[in-house]
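Single-structure report; data block below.
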Amino acid sequence: MISTTSFPEHFLWGGAIAANQAEGAWNEDGRGPSINDALRHGIVNGVLNEAIDPNAYYPSHEAIDFYHRYKEDVALFAEMGFKCLRTSIAWSRIFPNGDEQQPNEAGLQFYDNLFDELLKHGIEPVITISHFETPLHLVREYGGWTNRKLVAFFTRYCEVIFKRYKSKVKYWMGFNEINHMHTIPLAAGGIELRNPERKLQDIYQASHHLFVASAAATKLLREIIPGARMGCMLSLSIIYPNSCHPDDVFETYELRRRSLFYSDVLLHGEYPRYAERIFREHGIELAIEPGDLELIRAYPADYIGFSYYRSTTHKAGMPILGNTGGIMGLDNPYLTKTSWGWPIDPKGLRYVCNEIYDRYRKPIFIVENGFGDKDEIGADGTIADDSRMQYLNQHLLELHQAIQDGCEIMGYTWWGPIDIVSAGTGEMNKRYGFIHVDKDNEGRGTLRRMKKKSFDWYRQIIATNGEIL
Ligand code: BGP
């Protein structure tokens, strides 16, 4: 035990989930379908089918039924001592098609109930406005975020939820893992890339729309909920060069910069100089409307939220963009991996915190970190998930080091404190939870909740503000 590991006072300990991966009730109370509801095997390799097959199993349709069981789940989070819960509002619960004039009252009421329940337990809601769940209609009819009209639809949605929840929600965040626009554009931008030749043009144009929408949302938030904070949200694995060959090192640097392009715009409030070369060399011509750049400059995000799971190793010449480039990378002989092949690299978290804080000098919120694994139920009916506990401990110790290094860290939300549907693959058996949910990959199971060994460990970490680590 190291007794010097206490975290800052008021540190936001908690967990993170997303509406589409937890709620289910996909077509109840007026909710419209989002992209997830048309995907059977997750979003990474996701191509939308023409129609939703009523006889097929879609993981998001029921998910873990959080929509009906949230009280039980929130009580379990409270028992662990959560100070906050990060979740998303399902856009298509509020605007079923995304382009209506009037919101769906039943959808709004659900989040009122959920936020009241959280606040009753002293748990602060931390809300992602769009977490890989663009309304399906906006993708099919408008081409997702390539279409400028989505800025207005999104802004209307923001205005409605800010006004409705202004006394309940202080921490907001715009688009989940916005820098995944290049790797999983369907998830991040609701874009089905039907024409590969237009790929980069479409992605950068859609990104511009996301930047304008983010700034417009921040402006609205300032007006409607003074004192509330708007974050941007990125996926930030650390990327190592495969060798000290200058080509490996420089290409890795460039790859990193393409990831940070999103936070550069959202936090510095302007397009970086290096983007000009990318646009020039790829023949990208952005349609920028008068006032866009001024808006982006005037309303940068207040903090940077990011997910951190693992590191990646890059070698010069490997594809930089596309479905594989930079996501998994090469094997790193110094690291072990999870059963899903994700390298485990706690020190990388300290590295990323320092890198990001040095670059932006804005508060950091670790809004996702977690360990996806299969659960083994022992003969006595319990789940001894020691590897998850080890992952948690190692990452928190490094996070504490980052705080000692001088990084300003607002909080830490473990990804999937209760087992939920995997975003990437649609599996249930890729489990992150401190709480097991009885459901398998085919959708069978009672949905019964059961505490794992890690449940009490996380409770003790929070109760001691990290001193027990
Ligand atoms: C992030 C997403 C989450 C989440 C997590 C784990 O990219 O923001 O929604 O699911 O990754 O990924 P997976 O569910 O594929 O294991």
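So you can find residues: chains in the structure tokens are A, B, ... in the order shown, residues in each start at 1, and ligands are numbered from 1 in order.
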May I have the residues within 9 Å of ligand 1, computed using only C-alpha atoms and all ligand atoms, as a VMD selection string?
chain A and resid 16 to 18 20 to 21 42 to 44 131 to 132 176 to 177 180 234 to 235 306 to 309 340 368 to 372 415 to 416 420 to 427 430 to 432
Applying 10 Å and only C-alpha atoms, which residues near Trp457 in chain A remain after dropping the ones on its own chain fewer than 4 positions away? List them as a PyMOL selection string.
chain A and resi 80+389+392-393+434+452-453+461-463+468-469
Step one, run DSSP on the backbone; step two, keep only residues of range 3-155 of chain A assigned to alpha helix (DSSP H); then write them as a PyMOL selection string.
chain A and resi 19-22+59-62+66-80+91-94+105-120+136-142+149-155
Among range 128-323 of chain A, which residues does DSSP mark as strand (DSSP E) when it is run on the backbone? Keep the chain and numbering as in the structure and answer as a ChimeraX atom specification.
/A:128-130,171-175,229-235,238-241,303-307,311-314
Export, as a PDB file, in the first residue's frame, the selected residues with N, CA and C atoms.
```pdb
ATOM      1  N   THR A 128     -22.732  13.158 -22.391  1.00  0.00           N
ATOM      2  CA  THR A 128     -22.273  13.220 -23.780  1.00  0.00           C
ATOM      3  C   THR A 128     -23.510  13.477 -24.639  1.00  0.00           C
ATOM      4  N   ILE A 129     -23.411  14.485 -25.483  1.00  0.00           N
ATOM      5  CA  ILE A 129     -24.593  14.855 -26.264  1.00  0.00           C
ATOM      6  C   ILE A 129     -24.774  13.910 -27.459  1.00  0.00           C
ATOM      7  N   SER A 130     -23.674  13.427 -28.001  1.00  0.00           N
ATOM      8  CA  SER A 130     -23.780  12.510 -29.140  1.00  0.00           C
ATOM      9  C   SER A 130     -22.695  11.438 -29.041  1.00  0.00           C
ATOM     10  N   TYR A 171     -21.942  19.243 -16.264  1.00  0.00           N
ATOM     11  CA  TYR A 171     -20.822  18.791 -17.097  1.00  0.00           C
ATOM     12  C   TYR A 171     -21.354  18.184 -18.389  1.00  0.00           C
ATOM     13  N   TRP A 172     -20.933  18.756 -19.488  1.00  0.00           N
ATOM     14  CA  TRP A 172     -21.365  18.316 -20.810  1.00  0.00           C
ATOM     15  C   TRP A 172     -20.161  18.015 -21.680  1.00  0.00           C
ATOM     16  N   MET A 173     -20.435  17.265 -22.720  1.00  0.00           N
ATOM     17  CA  MET A 173     -19.378  16.991 -23.699  1.00  0.00           C
ATOM     18  C   MET A 173     -20.062  16.766 -25.040  1.00  0.00           C
ATOM     19  N   GLY A 174     -19.441  17.226 -26.126  1.00  0.00           N
ATOM     20  CA  GLY A 174     -20.105  17.198 -27.441  1.00  0.00           C
ATOM     21  C   GLY A 174     -20.137  15.831 -28.092  1.00  0.00           C
ATOM     22  N   PHE A 175     -19.153  15.546 -28.924  1.00  0.00           N
ATOM     23  CA  PHE A 175     -19.168  14.331 -29.738  1.00  0.00           C
ATOM     24  C   PHE A 175     -18.160  13.330 -29.205  1.00  0.00           C
ATOM     25  N   ARG A 229     -19.974  23.490 -17.850  1.00  0.00           N
ATOM     26  CA  ARG A 229     -18.726  23.314 -18.602  1.00  0.00           C
ATOM     27  C   ARG A 229     -18.928  22.369 -19.788  1.00  0.00           C
ATOM     28  N   MET A 230     -18.346  22.772 -20.907  1.00  0.00           N
ATOM     29  CA  MET A 230     -18.447  21.966 -22.126  1.00  0.00           C
ATOM     30  C   MET A 230     -17.074  21.380 -22.457  1.00  0.00           C
ATOM     31  N   GLY A 231     -17.043  20.073 -22.591  1.00  0.00           N
ATOM     32  CA  GLY A 231     -15.783  19.432 -22.955  1.00  0.00           C
ATOM     33  C   GLY A 231     -15.810  18.935 -24.384  1.00  0.00           C
ATOM     34  N   CYS A 232     -14.609  18.735 -24.952  1.00  0.00           N
ATOM     35  CA  CYS A 232     -14.544  17.952 -26.183  1.00  0.00           C
ATOM     36  C   CYS A 232     -14.110  16.547 -25.758  1.00  0.00           C
ATOM     37  N   MET A 233     -14.244  15.581 -26.636  1.00  0.00           N
ATOM     38  CA  MET A 233     -13.976  14.202 -26.239  1.00  0.00           C
ATOM     39  C   MET A 233     -13.220  13.479 -27.349  1.00  0.00           C
ATOM     40  N   LEU A 234     -12.067  12.955 -26.978  1.00  0.00           N
ATOM     41  CA  LEU A 234     -11.211  12.274 -27.952  1.00  0.00           C
ATOM     42  C   LEU A 234     -10.843  10.863 -27.500  1.00  0.00           C
ATOM     43  N   SER A 235     -10.481  10.050 -28.467  1.00  0.00           N
ATOM     44  CA  SER A 235      -9.886   8.755 -28.164  1.00  0.00           C
ATOM     45  C   SER A 235      -8.378   8.939 -28.259  1.00  0.00           C
ATOM     46  N   ILE A 238      -1.781   6.221 -26.817  1.00  0.00           N
ATOM     47  CA  ILE A 238      -0.458   6.769 -27.150  1.00  0.00           C
ATOM     48  C   ILE A 238       0.092   5.998 -28.357  1.00  0.00           C
ATOM     49  N   ILE A 239       0.841   6.676 -29.206  1.00  0.00           N
ATOM     50  CA  ILE A 239       1.410   6.001 -30.383  1.00  0.00           C
ATOM     51  C   ILE A 239       2.936   6.047 -30.307  1.00  0.00           C
ATOM     52  N   TYR A 240       3.552   4.874 -30.269  1.00  0.00           N
ATOM     53  CA  TYR A 240       5.017   4.801 -30.221  1.00  0.00           C
ATOM     54  C   TYR A 240       5.564   4.518 -31.611  1.00  0.00           C
ATOM     55  N   PRO A 241       6.754   5.088 -31.928  1.00  0.00           N
ATOM     56  CA  PRO A 241       7.417   4.655 -33.157  1.00  0.00           C
ATOM     57  C   PRO A 241       7.968   3.239 -32.949  1.00  0.00           C
ATOM     58  N   TYR A 303     -12.776  21.953 -21.349  1.00  0.00           N
ATOM     59  CA  TYR A 303     -11.893  20.886 -20.847  1.00  0.00           C
ATOM     60  C   TYR A 303     -11.784  19.806 -21.905  1.00  0.00           C
ATOM     61  N   ILE A 304     -10.818  18.946 -21.733  1.00  0.00           N
ATOM     62  CA  ILE A 304     -10.678  17.844 -22.680  1.00  0.00           C
ATOM     63  C   ILE A 304     -10.945  16.529 -21.971  1.00  0.00           C
ATOM     64  N   GLY A 305     -11.966  15.847 -22.455  1.00  0.00           N
ATOM     65  CA  GLY A 305     -12.257  14.507 -21.956  1.00  0.00           C
ATOM     66  C   GLY A 305     -11.647  13.535 -22.948  1.00  0.00           C
ATOM     67  N   PHE A 306     -11.073  12.463 -22.449  1.00  0.00           N
ATOM     68  CA  PHE A 306     -10.615  11.456 -23.417  1.00  0.00           C
ATOM     69  C   PHE A 306     -10.722  10.055 -22.865  1.00  0.00           C
ATOM     70  N   SER A 307     -10.760   9.118 -23.836  1.00  0.00           N
ATOM     71  CA  SER A 307     -10.724   7.710 -23.477  1.00  0.00           C
ATOM     72  C   SER A 307      -9.290   7.244 -23.638  1.00  0.00           C
ATOM     73  N   SER A 311      -2.004   1.349 -25.875  1.00  0.00           N
ATOM     74  CA  SER A 311      -1.112   2.086 -26.769  1.00  0.00           C
ATOM     75  C   SER A 311      -1.038   1.365 -28.108  1.00  0.00           C
ATOM     76  N   THR A 312      -0.375   2.020 -29.039  1.00  0.00           N
ATOM     77  CA  THR A 312      -0.266   1.539 -30.409  1.00  0.00           C
ATOM     78  C   THR A 312       1.179   1.744 -30.848  1.00  0.00           C
ATOM     79  N   THR A 313       1.654   0.883 -31.727  1.00  0.00           N
ATOM     80  CA  THR A 313       3.021   1.044 -32.233  1.00  0.00           C
ATOM     81  C   THR A 313       2.977   1.180 -33.750  1.00  0.00           C
ATOM     82  N   HIS A 314       3.676   2.181 -34.253  1.00  0.00           N
ATOM     83  CA  HIS A 314       3.574   2.495 -35.679  1.00  0.00           C
ATOM     84  C   HIS A 314       4.921   2.418 -36.377  1.00  0.00           C
TER      85      HIS A 314
END
```
What lies within 10 Å of Phe154 in chain A using only C-alpha atoms, ignoring chain neighbours under 6 positions off, as a count of residues only?
13
List the neighbours of range 50-57 of chain A out to 10 Å using only C-alpha atoms; skip same-chain residues closer than 6 positions along the sequence, and give me the result as a compact mmCIF listing (two decimals) with N, CA and C atoms, in the first residue's frame.
```
# COMPACT_ATOMS: atom_id res chain seq x y z
N PRO A 33 -35.04 5.10 -34.41
CA PRO A 33 -33.80 4.31 -34.49
C PRO A 33 -32.57 5.18 -34.69
N ASP A 37 -29.03 0.76 -34.05
CA ASP A 37 -30.18 -0.15 -34.12
C ASP A 37 -30.26 -0.89 -35.45
N ALA A 38 -29.40 -0.50 -36.38
CA ALA A 38 -29.37 -1.20 -37.67
C ALA A 38 -28.10 -2.03 -37.80
N LEU A 39 -27.34 -2.13 -36.72
CA LEU A 39 -26.07 -2.87 -36.79
C LEU A 39 -26.11 -4.09 -35.89
N ARG A 40 -25.75 -5.23 -36.47
CA ARG A 40 -25.83 -6.46 -35.69
C ARG A 40 -24.50 -6.80 -35.02
N HIS A 41 -23.41 -6.29 -35.56
CA HIS A 41 -22.10 -6.69 -35.02
C HIS A 41 -21.22 -5.50 -34.69
N ARG A 140 -29.44 8.23 -43.38
CA ARG A 140 -30.01 7.74 -44.65
C ARG A 140 -30.49 8.87 -45.55
N ASN A 441 -23.89 -13.26 -25.97
CA ASN A 441 -23.76 -12.60 -27.29
C ASN A 441 -24.97 -12.78 -28.18
N GLU A 442 -25.75 -13.81 -27.92
CA GLU A 442 -26.96 -14.04 -28.74
C GLU A 442 -28.19 -13.40 -28.11
N GLY A 443 -27.98 -12.74 -26.98
CA GLY A 443 -29.11 -12.07 -26.35
C GLY A 443 -29.84 -12.90 -25.32
```
Could you tell me which of A:Ile89, A:Ile127, A:Ala402, A:Leu200 comes closest to Arg280 in chain A if we count only C-alpha atoms?
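Of A:Ile89, A:Ile127, A:Ala402, A:Leu200, the one nearest Arg280 in chain A, counting only C-alpha atoms, is A:Leu200.
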Selection: 6 Å around range 4-9 of chain A, only C-alpha atoms, excl. self and same-chain fewer than 3 positions, as a ChimeraX atom specification:
/A:465-467
Just-selected residues, C-alpha atoms written as a PDB file, in the first residue's frame:
```pdb
ATOM      1  CA  ASN A 465      -9.853   8.884  -2.402  1.00  0.00           C
ATOM      2  CA  GLY A 466      -7.225   6.565  -3.806  1.00  0.00           C
ATOM      3  CA  GLU A 467      -5.144   6.148  -0.654  1.00  0.00           C
TER       4      GLU A 467
END
```
Close residues, Gly381 in chain A itself excluded, 12 Å, only C-alpha atoms, min 2 positions apart in chain, as a PyMOL selection string:
chain A and resi 375-379+383-384+436+450-453
Name the closest residue to Asn113 in chain A among the candidates A:Tyr70, A:Phe250, A:Phe153, A:Trp414; distances are taken between atoms, counting only C-alpha atoms.
A:Tyr70
Which residues come within 12 Å of Ile224 in chain A, counting only C-alpha atoms, excluding same-chain residues fewer than 4 positions away, as a compact mmCIF listing (two decimals) with N, CA and C atoms, in the first residue's frame?
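As written to disk, around.txt reads:
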```txt
# COMPACT_ATOMS: atom_id res chain seq x y z
N CYS A 158 -29.55 20.60 -28.89
CA CYS A 158 -28.80 21.13 -27.73
C CYS A 158 -29.64 22.16 -26.96
N GLU A 159 -30.27 23.02 -27.69
CA GLU A 159 -31.06 24.06 -27.03
C GLU A 159 -32.15 23.44 -26.15
N VAL A 160 -32.79 22.43 -26.70
CA VAL A 160 -33.87 21.75 -25.96
C VAL A 160 -33.32 21.09 -24.68
N ILE A 161 -32.22 20.37 -24.81
CA ILE A 161 -31.75 19.65 -23.61
C ILE A 161 -31.08 20.59 -22.60
N PHE A 162 -30.44 21.64 -23.08
CA PHE A 162 -29.83 22.59 -22.11
C PHE A 162 -30.94 23.27 -21.30
N LYS A 163 -31.99 23.67 -22.00
CA LYS A 163 -33.09 24.36 -21.28
C LYS A 163 -33.76 23.40 -20.30
N ARG A 164 -33.97 22.20 -20.76
CA ARG A 164 -34.69 21.24 -19.93
C ARG A 164 -33.90 20.81 -18.68
N TYR A 165 -32.59 20.63 -18.84
CA TYR A 165 -31.80 20.05 -17.74
C TYR A 165 -30.89 21.07 -17.07
N LYS A 166 -31.22 22.33 -17.22
CA LYS A 166 -30.27 23.35 -16.75
C LYS A 166 -30.06 23.33 -15.25
N SER A 167 -31.02 22.84 -14.51
CA SER A 167 -30.80 22.79 -13.06
C SER A 167 -30.19 21.45 -12.64
N VAL A 169 -27.73 19.38 -14.86
CA VAL A 169 -26.48 18.92 -15.48
C VAL A 169 -25.50 20.08 -15.64
N LYS A 170 -24.31 19.90 -15.04
CA LYS A 170 -23.27 20.95 -15.14
C LYS A 170 -22.15 20.56 -16.12
N ALA A 217 -22.84 24.80 -29.85
CA ALA A 217 -23.35 24.20 -28.62
C ALA A 217 -22.74 24.89 -27.40
N THR A 218 -21.46 25.18 -27.47
CA THR A 218 -20.80 25.86 -26.34
C THR A 218 -21.40 27.26 -26.15
N LYS A 219 -21.65 27.93 -27.26
CA LYS A 219 -22.26 29.27 -27.17
C LYS A 219 -23.62 29.18 -26.47
N LEU A 220 -24.42 28.22 -26.91
CA LEU A 220 -25.74 28.04 -26.30
C LEU A 220 -25.64 27.71 -24.82
N ALA A 228 -21.87 26.25 -16.43
CA ALA A 228 -21.72 24.84 -16.84
C ALA A 228 -20.47 24.71 -17.71
N ARG A 229 -19.97 23.49 -17.85
CA ARG A 229 -18.73 23.31 -18.60
C ARG A 229 -18.93 22.37 -19.79
```
Point out the residue among A:Ile191, A:Ala298, A:Ala78, A:Ile35 with the least atom-to-atom distance to His137 in chain A, counting only C-alpha atoms.
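Checking each of A:Ile191, A:Ala298, A:Ala78, A:Ile35 against His137 in chain A, counting only C-alpha atoms, the winner is A:Ile35.
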Pick out the closest residue to Ser60 in chain A from this set: A:Met428, A:Ala152, A:Gly227, A:Gly30. Count only C-alpha atoms.
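Nearest candidate to Ser60 in chain A out of A:Met428, A:Ala152, A:Gly227, A:Gly30: A:Met428.
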Coordinates-based distance that separates CA of Tyr299 in chain A from CA of Gly269 in chain A (Å, one decimal)
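CA of Tyr299 in chain A lies 7.1 Å from CA of Gly269 in chain A.
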I'd like to know which of A:Gly406, A:Gly283, A:Gly329, A:Pro226 is closest to Gly341 in chain A, using only C-alpha atoms.
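For Gly341 in chain A, the nearest of the candidates is A:Gly329.
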Calculate how many Å separate CA of His121 in chain A from CA of Glu62 in chain A, rounding to one decimal.
25.7 Å
